[in-house]
$ cat protein39.txt   # compact mmCIF, C-alpha atoms
# COMPACT_ATOMS: atom_id res chain seq x y z
CA MET A 23 14.89 -1.49 1.56
CA ARG A 24 16.40 -3.00 -1.44
CA ALA A 25 16.77 -6.70 -2.04
CA LYS A 26 19.78 -8.63 -3.29
CA ILE A 27 21.26 -7.23 -6.45
CA ARG A 28 24.27 -8.61 -8.27
CA VAL A 29 27.39 -8.88 -6.13
CA ALA A 30 29.87 -7.94 -8.80
CA THR A 31 30.54 -4.22 -8.80
CA LEU A 32 32.70 -2.07 -10.99
CA ALA A 33 35.12 0.13 -9.10
CA ALA A 34 37.94 2.35 -10.32
CA GLY A 35 37.84 0.63 -13.68
CA ALA A 36 38.42 -2.84 -12.25
CA LEU A 37 35.93 -5.57 -11.50
CA CYS A 38 35.95 -6.33 -7.80
CA VAL A 39 33.78 -9.20 -6.65
CA ALA A 40 32.63 -8.70 -3.08
CA LEU A 41 32.13 -12.31 -2.14
CA SER A 42 33.85 -12.07 1.20
CA ALA A 43 34.64 -9.61 3.93
CA SER A 44 37.79 -8.45 2.18
CA ALA A 45 37.74 -4.80 1.18
CA CYS A 46 37.25 -3.73 -2.40
CA ALA A 47 39.65 -0.96 -3.44
CA GLY A 48 36.92 1.07 -5.07
CA ALA A 49 38.65 4.39 -5.29
CA GLY A 50 42.21 3.82 -6.27
CA GLY A 51 44.14 2.23 -3.47
CA GLY A 52 44.39 -0.76 -1.22
CA ASN A 53 43.09 -1.28 2.27
CA SER A 54 45.71 0.55 4.34
CA ALA A 55 44.83 0.71 8.02
CA GLY A 56 47.72 3.03 8.85
CA ASP A 57 47.20 5.51 6.04
CA PRO A 58 45.38 8.65 7.27
CA ASN A 59 44.31 9.35 3.68
CA SER A 60 42.67 5.97 3.16
CA ILE A 61 39.27 5.08 4.63
CA ASN A 62 37.23 1.89 4.57
CA VAL A 63 33.53 1.92 3.74
CA LEU A 64 31.21 -1.07 4.21
CA MET A 65 27.98 -0.77 2.25
CA VAL A 66 25.02 -2.50 0.63
CA ASN A 67 25.26 -3.25 -3.10
CA ASN A 68 22.31 -1.22 -4.33
CA PRO A 69 22.53 0.59 -7.71
CA GLN A 70 23.01 4.01 -6.12
CA MET A 71 26.02 2.70 -4.22
CA GLU A 72 27.46 1.18 -7.39
CA ASP A 73 27.23 4.58 -9.05
CA LEU A 74 29.03 6.08 -6.05
CA GLN A 75 31.91 3.65 -6.50
CA ARG A 76 32.33 4.59 -10.13
CA LEU A 77 32.44 8.30 -9.35
CA THR A 78 34.61 8.33 -6.23
CA ALA A 79 38.16 8.14 -7.58
CA ASP A 80 37.82 10.82 -10.26
CA ASN A 81 36.01 13.22 -8.00
CA PHE A 82 36.25 12.82 -4.22
CA THR A 83 39.73 11.28 -4.18
CA LYS A 84 41.01 13.67 -6.83
CA GLU A 85 39.75 16.66 -4.82
CA THR A 86 40.76 15.54 -1.32
CA GLY A 87 43.52 12.96 -1.75
CA ILE A 88 41.49 10.54 0.38
CA ARG A 89 41.25 7.03 -1.06
CA VAL A 90 38.09 5.06 -0.37
CA ASN A 91 38.22 1.27 -0.03
CA TYR A 92 34.75 -0.17 -0.52
CA THR A 93 33.46 -3.49 0.74
CA VAL A 94 30.15 -4.12 -1.01
CA LEU A 95 27.78 -6.92 -0.01
CA PRO A 96 24.13 -7.94 -0.51
CA GLU A 97 21.70 -6.56 2.06
CA ASN A 98 21.38 -9.58 4.35
CA ASP A 99 25.14 -10.17 4.28
CA VAL A 100 26.10 -6.55 4.86
CA ARG A 101 23.78 -6.31 7.87
CA ALA A 102 25.46 -9.28 9.51
CA LYS A 103 28.92 -7.90 8.73
CA ILE A 104 28.09 -4.41 10.04
CA SER A 105 26.53 -5.80 13.21
CA GLN A 106 29.63 -7.88 13.93
CA GLU A 107 32.03 -5.04 13.13
CA PHE A 108 30.30 -2.25 15.01
CA SER A 109 29.28 -4.25 18.06
CA SER A 110 32.90 -5.33 18.55
CA GLN A 111 34.21 -1.83 17.74
CA ALA A 112 37.03 -3.45 15.81
CA GLY A 113 37.65 -0.25 13.90
CA GLN A 114 38.36 -1.95 10.58
CA TYR A 115 35.65 0.07 8.86
CA ASP A 116 35.32 3.80 9.31
CA ILE A 117 31.91 4.15 7.69
CA ALA A 118 28.96 1.86 6.99
CA SER A 119 25.62 2.18 5.26
CA LEU A 120 23.03 1.99 8.04
CA SER A 121 19.34 2.76 8.07
CA ASN A 122 16.92 4.57 10.33
CA TYR A 123 16.17 1.14 11.81
CA GLU A 124 19.66 0.48 13.20
CA ILE A 125 20.99 3.95 13.92
CA PRO A 126 18.85 4.71 17.02
CA PHE A 127 20.02 1.65 18.95
CA TYR A 128 23.52 1.59 17.49
CA SER A 129 23.99 5.13 18.78
CA ALA A 130 22.45 4.23 22.14
CA ASN A 131 25.01 1.42 22.43
CA GLY A 132 27.85 3.86 21.85
CA TRP A 133 28.87 2.26 18.55
CA LEU A 134 28.61 5.42 16.44
CA ALA A 135 30.42 8.75 16.39
CA PRO A 136 28.18 11.83 16.17
CA LEU A 137 28.25 13.76 12.90
CA ASP A 138 28.12 17.24 14.41
CA ASN A 139 30.86 18.57 12.16
CA VAL A 140 28.99 17.48 9.04
CA ALA A 141 25.68 18.86 10.28
CA LYS A 142 27.29 22.22 11.13
CA ASN A 143 29.00 22.50 7.76
CA ALA A 144 27.36 25.48 6.03
CA GLU A 145 28.08 24.10 2.56
CA PHE A 146 26.46 20.78 3.46
CA ASN A 147 23.30 22.64 4.58
CA GLN A 148 21.61 20.32 7.07
CA ALA A 149 18.43 22.41 6.81
CA ASP A 150 18.06 21.15 3.22
CA ILE A 151 17.71 17.55 4.44
CA LEU A 152 14.05 16.53 4.79
CA PRO A 153 13.13 16.90 8.49
CA ALA A 154 11.78 13.35 8.72
CA TYR A 155 15.28 11.95 8.16
CA THR A 156 17.08 14.32 10.46
CA ALA A 157 14.64 13.31 13.20
CA SER A 158 14.93 9.57 12.53
CA LEU A 159 18.75 9.66 12.51
CA THR A 160 19.08 11.65 15.73
CA GLY A 161 19.91 9.73 18.91
CA LYS A 162 18.21 10.04 22.28
CA ASP A 163 21.04 12.38 23.31
CA GLY A 164 19.96 14.85 20.62
CA LYS A 165 23.05 14.29 18.47
CA LEU A 166 22.93 13.38 14.78
CA TYR A 167 24.42 9.98 13.96
CA GLY A 168 23.53 9.49 10.31
CA GLU A 169 23.35 11.42 7.05
CA PRO A 170 21.06 10.04 4.34
CA PHE A 171 22.55 8.93 1.03
CA TYR A 172 19.07 8.50 -0.35
CA GLY A 173 15.63 8.29 1.18
CA GLU A 174 12.41 6.59 0.26
CA SER A 175 8.86 5.82 1.17
CA SER A 176 6.66 3.33 -0.64
CA PHE A 177 4.04 3.83 -3.31
CA LEU A 178 2.10 2.03 -6.03
CA MET A 179 3.57 2.00 -9.52
CA TYR A 180 1.38 1.06 -12.47
CA ARG A 181 1.39 0.96 -16.26
CA LYS A 182 -0.56 4.00 -17.44
CA ASP A 183 -0.81 2.70 -21.01
CA ILE A 184 -2.26 -0.62 -19.88
CA PHE A 185 -4.81 1.10 -17.67
CA ASP A 186 -5.78 3.46 -20.50
CA ALA A 187 -6.20 0.58 -22.92
CA LYS A 188 -8.49 -1.16 -20.42
CA GLY A 189 -10.41 2.02 -19.65
CA LEU A 190 -9.32 1.86 -16.01
CA THR A 191 -8.49 4.71 -13.65
CA MET A 192 -6.04 4.47 -10.76
CA PRO A 193 -7.12 6.58 -7.77
CA GLU A 194 -4.45 8.95 -6.48
CA LYS A 195 -4.91 7.39 -3.04
CA PRO A 196 -6.22 3.85 -3.68
CA THR A 197 -7.49 1.37 -1.14
CA TRP A 198 -6.18 -2.18 -1.04
CA ASP A 199 -9.62 -3.44 -2.06
CA GLU A 200 -9.47 -1.22 -5.15
CA VAL A 201 -5.98 -2.47 -5.94
CA ALA A 202 -7.08 -6.10 -5.68
CA ALA A 203 -9.98 -5.44 -8.05
CA LEU A 204 -7.70 -3.65 -10.52
CA ALA A 205 -5.14 -6.46 -10.34
CA ALA A 206 -7.80 -8.93 -11.48
CA LYS A 207 -8.77 -6.68 -14.42
CA VAL A 208 -5.24 -6.10 -15.73
CA ASP A 209 -4.00 -9.66 -15.16
CA GLY A 210 -3.20 -10.92 -18.66
CA ALA A 211 -3.68 -7.49 -20.25
CA ALA A 212 -0.55 -8.15 -22.29
CA PRO A 213 1.14 -11.47 -23.10
CA GLY A 214 2.84 -12.82 -19.99
CA MET A 215 1.71 -9.88 -17.85
CA LYS A 216 0.49 -10.40 -14.28
CA GLY A 217 -1.73 -8.01 -12.38
CA ILE A 218 0.69 -7.06 -9.60
CA CYS A 219 4.13 -7.80 -8.18
CA LEU A 220 4.62 -8.03 -4.42
CA ARG A 221 7.65 -9.24 -2.49
CA GLY A 222 7.41 -12.78 -1.18
CA GLU A 223 11.05 -13.53 -0.37
CA PRO A 224 11.69 -14.33 3.31
CA GLY A 225 13.27 -11.61 5.41
CA TRP A 226 12.20 -8.82 7.72
CA GLY A 227 13.36 -6.34 5.08
CA GLN A 228 11.97 -8.40 2.24
CA VAL A 229 8.37 -9.64 2.36
CA PHE A 230 7.67 -7.89 5.66
CA ALA A 231 8.71 -4.46 4.37
CA PRO A 232 5.56 -4.06 2.26
CA LEU A 233 3.52 -6.55 4.26
CA THR A 234 3.91 -4.74 7.60
CA THR A 235 2.51 -1.59 5.97
CA VAL A 236 -0.49 -3.68 4.94
CA VAL A 237 -0.80 -4.99 8.50
CA ASN A 238 -0.75 -1.40 9.81
CA THR A 239 -3.49 -0.14 7.54
CA PHE A 240 -5.63 -3.24 8.14
CA GLY A 241 -5.64 -2.27 11.82
CA GLY A 242 -2.99 -4.74 12.96
CA THR A 243 0.30 -4.37 14.81
CA TRP A 244 3.20 -6.55 15.94
CA PHE A 245 2.80 -5.36 19.54
CA ASP A 246 0.33 -3.24 21.46
CA LYS A 247 1.56 -0.39 23.65
CA ASP A 248 2.12 -2.81 26.57
CA TRP A 249 4.28 -5.19 24.50
CA ASN A 250 1.59 -7.82 24.11
CA ALA A 251 2.20 -9.66 20.84
CA LYS A 252 -0.61 -9.34 18.29
CA VAL A 253 0.71 -11.45 15.43
CA ASN A 254 -2.21 -13.89 15.50
CA ALA A 255 -4.81 -11.17 16.11
CA PRO A 256 -7.67 -11.00 13.57
CA GLU A 257 -6.38 -7.80 11.95
CA PHE A 258 -2.82 -9.07 11.48
CA THR A 259 -4.12 -12.38 10.16
CA ALA A 260 -6.53 -10.67 7.76
CA ALA A 261 -3.71 -8.56 6.32
CA VAL A 262 -1.46 -11.57 5.74
CA ASP A 263 -4.39 -13.53 4.25
CA PHE A 264 -5.18 -10.67 1.89
CA TYR A 265 -1.57 -10.17 0.80
CA THR A 266 -0.99 -13.89 0.30
CA LYS A 267 -4.16 -14.35 -1.72
CA LEU A 268 -3.48 -11.29 -3.88
CA VAL A 269 0.02 -12.37 -4.84
CA ARG A 270 -1.05 -16.00 -5.36
CA ASP A 271 -4.02 -15.04 -7.54
CA HIS A 272 -2.56 -12.18 -9.57
CA GLY A 273 1.13 -11.91 -8.69
CA GLU A 274 4.39 -12.89 -10.29
CA ALA A 275 5.60 -16.43 -10.90
CA GLY A 276 7.91 -17.69 -8.15
CA ALA A 277 6.62 -15.04 -5.77
CA ALA A 278 7.99 -16.80 -2.69
CA GLN A 279 11.52 -16.11 -3.97
CA ALA A 280 10.81 -12.63 -5.35
CA GLY A 281 12.16 -9.52 -3.70
CA PHE A 282 12.78 -5.95 -4.79
CA THR A 283 15.10 -6.88 -7.66
CA GLU A 284 12.79 -9.48 -9.14
CA CYS A 285 9.81 -7.13 -9.07
CA LEU A 286 11.90 -4.32 -10.56
CA ASN A 287 12.89 -6.63 -13.40
CA ASN A 288 9.29 -7.72 -13.93
CA MET A 289 8.08 -4.12 -14.05
CA SER A 290 10.89 -3.04 -16.36
CA GLN A 291 10.32 -5.98 -18.71
CA GLY A 292 6.55 -5.52 -18.96
CA LYS A 293 5.70 -8.63 -16.98
CA THR A 294 3.53 -6.88 -14.40
CA ALA A 295 0.95 -4.09 -14.55
CA MET A 296 1.35 -2.88 -10.95
CA TRP A 297 3.99 -2.95 -8.26
CA TYR A 298 3.85 -1.76 -4.66
CA ASP A 299 7.33 -1.09 -3.29
CA ALA A 300 10.01 1.52 -2.57
CA THR A 301 9.73 4.95 -4.18
CA SER A 302 13.45 4.72 -4.97
CA ALA A 303 12.58 2.15 -7.66
CA ALA A 304 11.13 4.90 -9.82
CA GLY A 305 14.54 6.27 -10.77
CA ALA A 306 15.41 2.99 -12.49
CA LEU A 307 12.03 2.82 -14.21
CA GLU A 308 12.46 6.35 -15.59
CA ALA A 309 16.11 6.00 -16.56
CA GLU A 310 16.99 6.64 -20.21
CA ALA A 311 17.60 2.95 -20.93
CA SER A 312 14.39 1.75 -19.25
CA PRO A 313 11.95 0.02 -21.65
CA VAL A 314 9.03 1.46 -19.65
CA LYS A 315 10.28 5.05 -19.30
CA GLY A 316 7.31 7.43 -19.46
CA ARG A 317 4.75 4.64 -19.19
CA ILE A 318 4.53 4.45 -15.40
CA GLY A 319 2.02 6.18 -13.16
CA TYR A 320 2.51 6.68 -9.42
CA ALA A 321 -0.13 6.51 -6.70
CA GLN A 322 0.15 6.63 -2.92
CA ALA A 323 0.56 3.47 -0.85
CA PRO A 324 -2.80 1.68 -0.68
CA VAL A 325 -4.80 2.00 2.54
CA LYS A 326 -7.72 0.46 4.38
CA GLU A 327 -8.18 1.85 7.91
CA THR A 328 -5.50 4.56 7.94
CA LYS A 329 -5.08 7.78 5.96
CA SER A 330 -1.63 6.80 4.69
CA SER A 331 0.54 3.70 4.84
CA GLY A 332 3.83 4.43 3.09
CA TRP A 333 7.00 3.47 4.91
CA LEU A 334 9.97 5.66 5.79
CA TRP A 335 13.48 4.46 5.02
CA THR A 336 16.89 5.83 4.33
CA TRP A 337 20.23 4.25 3.59
CA SER A 338 22.52 6.56 5.50
CA TRP A 339 26.18 6.95 6.28
CA ALA A 340 27.24 6.33 9.88
CA MET A 341 30.72 6.52 11.38
CA GLN A 342 32.10 3.87 13.71
CA ALA A 343 33.01 5.28 17.12
CA ALA A 344 36.26 3.30 17.01
CA SER A 345 37.38 4.86 13.72
CA LYS A 346 40.77 6.53 13.95
CA LYS A 347 40.12 8.50 10.77
CA GLN A 348 37.03 10.44 11.71
CA ASP A 349 38.12 13.64 10.01
CA ALA A 350 38.59 11.93 6.65
CA ALA A 351 35.44 9.87 7.17
CA GLY A 352 33.46 13.03 7.89
CA LYS A 353 34.69 14.59 4.66
CA PHE A 354 33.51 11.54 2.72
CA ILE A 355 30.07 11.62 4.33
CA ALA A 356 29.73 15.35 3.68
CA TRP A 357 30.56 14.72 0.01
CA ALA A 358 28.50 11.56 -0.59
CA SER A 359 25.32 13.06 0.91
CA SER A 360 25.82 16.53 -0.57
CA LYS A 361 23.89 18.52 -3.12
CA LYS A 362 27.17 18.72 -5.03
CA TYR A 363 27.27 14.93 -5.35
CA GLU A 364 23.69 14.84 -6.64
CA GLU A 365 24.63 17.40 -9.29
CA LEU A 366 27.64 15.25 -10.23
CA VAL A 367 25.41 12.20 -10.73
CA ALA A 368 22.99 14.28 -12.79
CA ALA A 369 25.81 15.50 -15.03
CA LYS A 370 27.35 12.05 -15.49
CA LEU A 371 24.34 9.73 -15.38
CA GLY A 372 21.22 11.87 -15.68
CA TRP A 373 18.82 13.36 -13.14
CA ALA A 374 16.72 10.20 -12.91
CA LYS A 375 19.74 8.42 -11.43
CA VAL A 376 20.29 10.96 -8.65
CA PRO A 377 20.12 9.38 -5.14
CA SER A 378 17.14 11.52 -4.23
CA GLY A 379 14.52 11.41 -1.51
CA LYS A 380 16.53 13.41 1.00
CA ARG A 381 16.97 17.06 -0.04
CA ILE A 382 14.27 19.71 -0.32
CA SER A 383 16.25 21.53 -3.03
CA THR A 384 16.26 18.42 -5.23
CA TYR A 385 12.48 18.26 -5.30
CA GLU A 386 12.38 21.95 -6.20
CA ASN A 387 14.91 21.56 -9.02
CA ALA A 388 13.22 21.96 -12.42
CA ASP A 389 15.64 19.56 -14.14
CA PHE A 390 14.93 16.85 -11.57
CA GLN A 391 11.19 17.42 -11.87
CA GLN A 392 11.34 17.00 -15.62
CA ALA A 393 13.41 13.80 -15.42
CA ALA A 394 11.46 12.37 -12.46
CA PRO A 395 7.69 12.35 -13.09
CA PHE A 396 7.34 10.61 -9.74
CA PHE A 397 8.77 13.53 -7.74
CA LYS A 398 5.47 14.83 -6.34
CA ALA A 399 4.21 11.39 -5.31
CA GLU A 400 7.56 10.47 -3.74
CA ARG A 401 7.88 13.68 -1.74
CA PHE A 402 4.28 13.47 -0.54
CA ALA A 403 4.79 9.87 0.59
CA ILE A 404 7.98 10.68 2.50
CA GLU A 405 6.59 13.78 4.18
CA ASN A 406 3.36 12.04 5.20
CA ALA A 407 4.98 8.94 6.69
CA ASP A 408 4.53 8.82 10.46
CA PRO A 409 6.90 6.37 12.20
CA LYS A 410 5.45 7.20 15.63
CA ASN A 411 1.83 6.53 14.69
CA PRO A 412 1.69 4.27 11.62
CA GLY A 413 -1.47 2.38 12.55
CA VAL A 414 -4.74 2.67 14.41
CA GLN A 415 -3.38 2.07 17.92
CA PRO A 416 -0.50 3.34 20.10
CA ARG A 417 2.83 1.55 19.58
CA PRO A 418 5.59 0.74 22.07
CA ALA A 419 8.36 1.59 19.58
CA VAL A 420 8.80 3.72 16.48
CA GLY A 421 8.78 2.29 12.98
CA ILE A 422 6.39 1.78 10.08
CA GLN A 423 7.64 -1.30 8.20
CA PHE A 424 9.62 -2.44 11.23
CA VAL A 425 9.51 -2.35 15.02
CA GLY A 426 12.38 -0.19 16.24
CA ILE A 427 14.05 -2.74 18.52
CA PRO A 428 17.17 -4.84 17.88
CA GLU A 429 15.25 -8.12 18.19
CA PHE A 430 12.91 -7.32 15.31
CA ALA A 431 15.38 -8.34 12.60
CA ALA A 432 15.46 -11.93 13.84
CA LEU A 433 11.77 -11.98 14.75
CA GLY A 434 10.56 -10.56 11.45
CA THR A 435 12.77 -12.92 9.47
CA ARG A 436 11.53 -15.93 11.43
CA VAL A 437 7.86 -15.08 10.89
CA SER A 438 8.51 -14.24 7.25
CA GLN A 439 9.59 -17.79 6.55
CA GLY A 440 6.12 -19.06 7.38
CA VAL A 441 4.51 -16.35 5.27
CA SER A 442 6.72 -17.16 2.29
CA SER A 443 5.77 -20.82 2.66
CA ALA A 444 2.10 -19.85 2.56
CA ILE A 445 2.71 -17.78 -0.58
CA ALA A 446 4.41 -20.82 -2.12
CA GLY A 447 1.41 -22.99 -1.20
CA GLN A 448 3.48 -25.09 1.17
CA GLY A 449 2.00 -23.83 4.43
CA SER A 450 -0.91 -21.89 5.83
CA VAL A 451 -1.28 -18.32 7.04
CA ALA A 452 -2.88 -19.63 10.23
CA ASP A 453 0.19 -21.71 11.02
CA ALA A 454 2.56 -18.83 10.16
CA VAL A 455 0.88 -16.33 12.48
CA ALA A 456 0.42 -18.89 15.27
CA LYS A 457 4.15 -19.63 15.32
CA GLY A 458 4.86 -15.95 14.89
CA GLN A 459 2.74 -15.09 17.90
CA GLU A 460 4.75 -17.41 20.10
CA ALA A 461 8.06 -15.96 18.93
CA ALA A 462 6.83 -12.38 19.20
CA GLN A 463 5.53 -12.81 22.75
CA LYS A 464 8.94 -14.01 23.89
CA VAL A 465 10.38 -10.75 22.54
CA GLY A 466 7.59 -8.68 24.04
CA ASP A 467 8.07 -10.22 27.46
CA LYS A 468 11.62 -8.83 27.56
CA TYR A 469 10.27 -5.30 27.36
CA LYS A 470 7.40 -5.60 29.84
$ encode --input "protein39.txt" --output "structure tokens"
Amino acid sequence: MRAKIRVATLAAGALCVALSASACAGAGGGNSAGDPNSINVLMVNNPQMEDLQRLTADNFTKETGIRVNYTVLPENDVRAKISQEFSSQAGQYDIASLSNYEIPFYSANGWLAPLDNVAKNAEFNQADILPAYTASLTGKDGKLYGEPFYGESSFLMYRKDIFDAKGLTMPEKPTWDEVAALAAKVDGAAPGMKGICLRGEPGWGQVFAPLTTVVNTFGGTWFDKDWNAKVNAPEFTAAVDFYTKLVRDHGEAGAAQAGFTECLNNMSQGKTAMWYDATSAAGALEAEASPVKGRIGYAQAPVKETKSSGWLWTWSWAMQAASKKQDAAGKFIAWASSKKYEELVAAKLGWAKVPSGKRISTYENADFQQAAPFFKAERFAIENADPKNPGVQPRPAVGIQFVGIPEFAALGTRVSQGVSSAIAGQGSVADAVAKGQEAAQKVGDKYK
């Protein structure tokens, strides 16, 4: 669940700034609605997607003759655009980057076309996709509606050299209490270095991505099995109190505006000793140009009352039901999520840059293992994530860092604003969860 990254993206050798809904001709060609060999893709502007743009024209288009017109937007913006486009079935975009949060209810609404042809493609090899993703991208009708571009869980990243210098040991499976104690000890270990970086930026996919995993392992939940809201329950409150205090005491400057990108920058630039976030961040930290390459250790997501707490997420390709170019769109999806594409990235950009986290064969590849010292921790986190039972009590909907209902995006974002204010010292946790409880109960009442 990546945060906002720069909007400008390089495509087909030209700089295309995705500041509006207009399509970016990322693979050699304009946005031609009537051209059967031209498809439109709407996607989030994460680094893996930017790499895809750079490689499309000289590879996919050259091989198939199909031009790809990319529209690339920051996460919050692309979600709004995709929701508007797919709910109206306007058909302007053939493919969009969707996650395992949206795909179940998008498919239930009839907004997506099934990807049976991709899944049955022997060369694509659906059996090579990690089972957790195939399950999370399958609709209630048993049909597959998404193919992962990359997958992730969450884990704790830390500076091995700093810990060694301090004589500290990171447990392979730390508790949050241990992490808080370690954060205090490594705070200031190097000039300008803070103990930990944690997201504080408002948004259901920002601060509440990591924070909801903390809520889960502290024994809390957004809703009980009968849709009673539990946002102001003692366990939920304790988790938010803990998280807020930890980031205020030992976290990054400007934490209330910090998301994935800011923490990645802090970790890369040696400004933080620990970071709990997406496993997909590790590829950037281990890239050839990274100042901290080889200095990072990886531990499982911290816990308290549960055995594990890592989230499960995938940015996946989904096809709009209204698309009139489903054959061409299917070919793109089969290429972009293929083992062949991963090998292309490895050859052009290095194995650490491969959009991993989705294929069994990638984790078993010796070259990937050598380039990605995080591979064991990442695979373990993904395979041990349990979206159906992420906490200590039964849940009314699937999801680890989210509640798998359409209303959660607005609800989580609304509650996050109060939490971010508390992190900034401009509000209290008590006030944030009290207001959150009221908003959550209104949602819960709809499902009772």
$ atom_distance --input "protein39.txt" --atom1 "CA of Asn62 in chain A" --atom2 "CA of Ile117 in chain A"
6.6 Å
$ residues_around --input "protein39.txt" --residues "Ser109 in chain A" --least-positions-apart "5" --cutoff "10 Å" --atoms "all atoms listed in the file" --output "list in words"
Ile104, Tyr128, Asn131, Gly132, Trp133, Leu134 and Gln342 of chain A
$ residues_around --input "protein39.txt" --residues "Pro126 in chain A" --least-positions-apart "5" --cutoff "10 Å" --atoms "all atoms listed in the file" --output "PyMOL selection string"
chain A and resi 121+131+134+158-162+166-168+426-428
$ residues_around --input "protein39.txt" --residues "Pro232 in chain A" --least-positions-apart "6" --cutoff "10 Å" --atoms "all atoms listed in the file" --output "ChimeraX atom specification"
/A:23,176-177,220-222,226,265,298-300,323,331-333,422-424
$ residues_around --input "protein39.txt" --residues "Ile382 in chain A" --least-positions-apart "6" --cutoff "9 Å" --atoms "all atoms listed in the file" --output "list in words"
Ala149, Asp150, Ile151, Leu152 and Arg401 of chain A
$ atom_distance --input "protein39.txt" --atom1 "CA of Ala135 in chain A" --atom2 "CA of Ser359 in chain A"
16.9 Å
$ residues_around --input "protein39.txt" --residues "Asp186 in chain A" --least-positions-apart "4" --cutoff "12 Å" --atoms "only C-alpha atoms" --output "ChimeraX atom specification"
/A:180-182,190-192,208,211,295,317-319
$ atom_distance --input "protein39.txt" --atom1 "CA of Ala452 in chain A" --atom2 "CA of Lys252 in chain A"
13.3 Å
$ residues_near_point --input "protein39.txt" --point "(-3.0, -8.2, -23.9)" --cutoff "12 Å" --atoms "all atoms listed in the file" --output "JSON, numbers by chain"
{"A": [183, 184, 185, 187, 188, 207, 208, 209, 210, 211, 212, 213, 214, 215, 216, 217, 292, 293, 294, 295]}
$ closest_residue --input "protein39.txt" --among "A:Ala205, A:Ala444, A:Ser438, A:Met179" --to "Val314 in chain A" --atoms "all atoms listed in the file"
A:Met179
$ closest_residue --input "protein39.txt" --among "A:Val262, A:Ala369, A:Ser338, A:Glu386" --to "Asp453 in chain A" --atoms "only C-alpha atoms"
A:Val262
$ closest_residue --input "protein39.txt" --among "A:Gly305, A:Gly379, A:Pro416, A:Pro224" --to "Phe402 in chain A" --atoms "all atoms listed in the file"
A:Gly379
$ closest_residue --input "protein39.txt" --among "A:Ile445, A:Val425, A:Ile355, A:Ala388" --to "Ala141 in chain A" --atoms "all atoms listed in the file"
A:Ile355
$ closest_residue --input "protein39.txt" --among "A:Asp349, A:Val325, A:Ala356, A:Glu308" --to "Lys142 in chain A" --atoms "only C-alpha atoms"
A:Ala356
$ axis_aligned_box --input "protein39.txt" --around "range 158-170 of chain A" --padding-each-side "4 Å" --output "JSON"
{"center_x": 19.7, "center_y": 12.2, "center_z": 13.8, "size_x": 17.5, "size_y": 13.4, "size_z": 27.0}
$ closest_residue --input "protein39.txt" --among "A:Gly352, A:Pro256, A:Glu364, A:Cys219" --to "Asn287 in chain A" --atoms "all atoms listed in the file"
A:Cys219
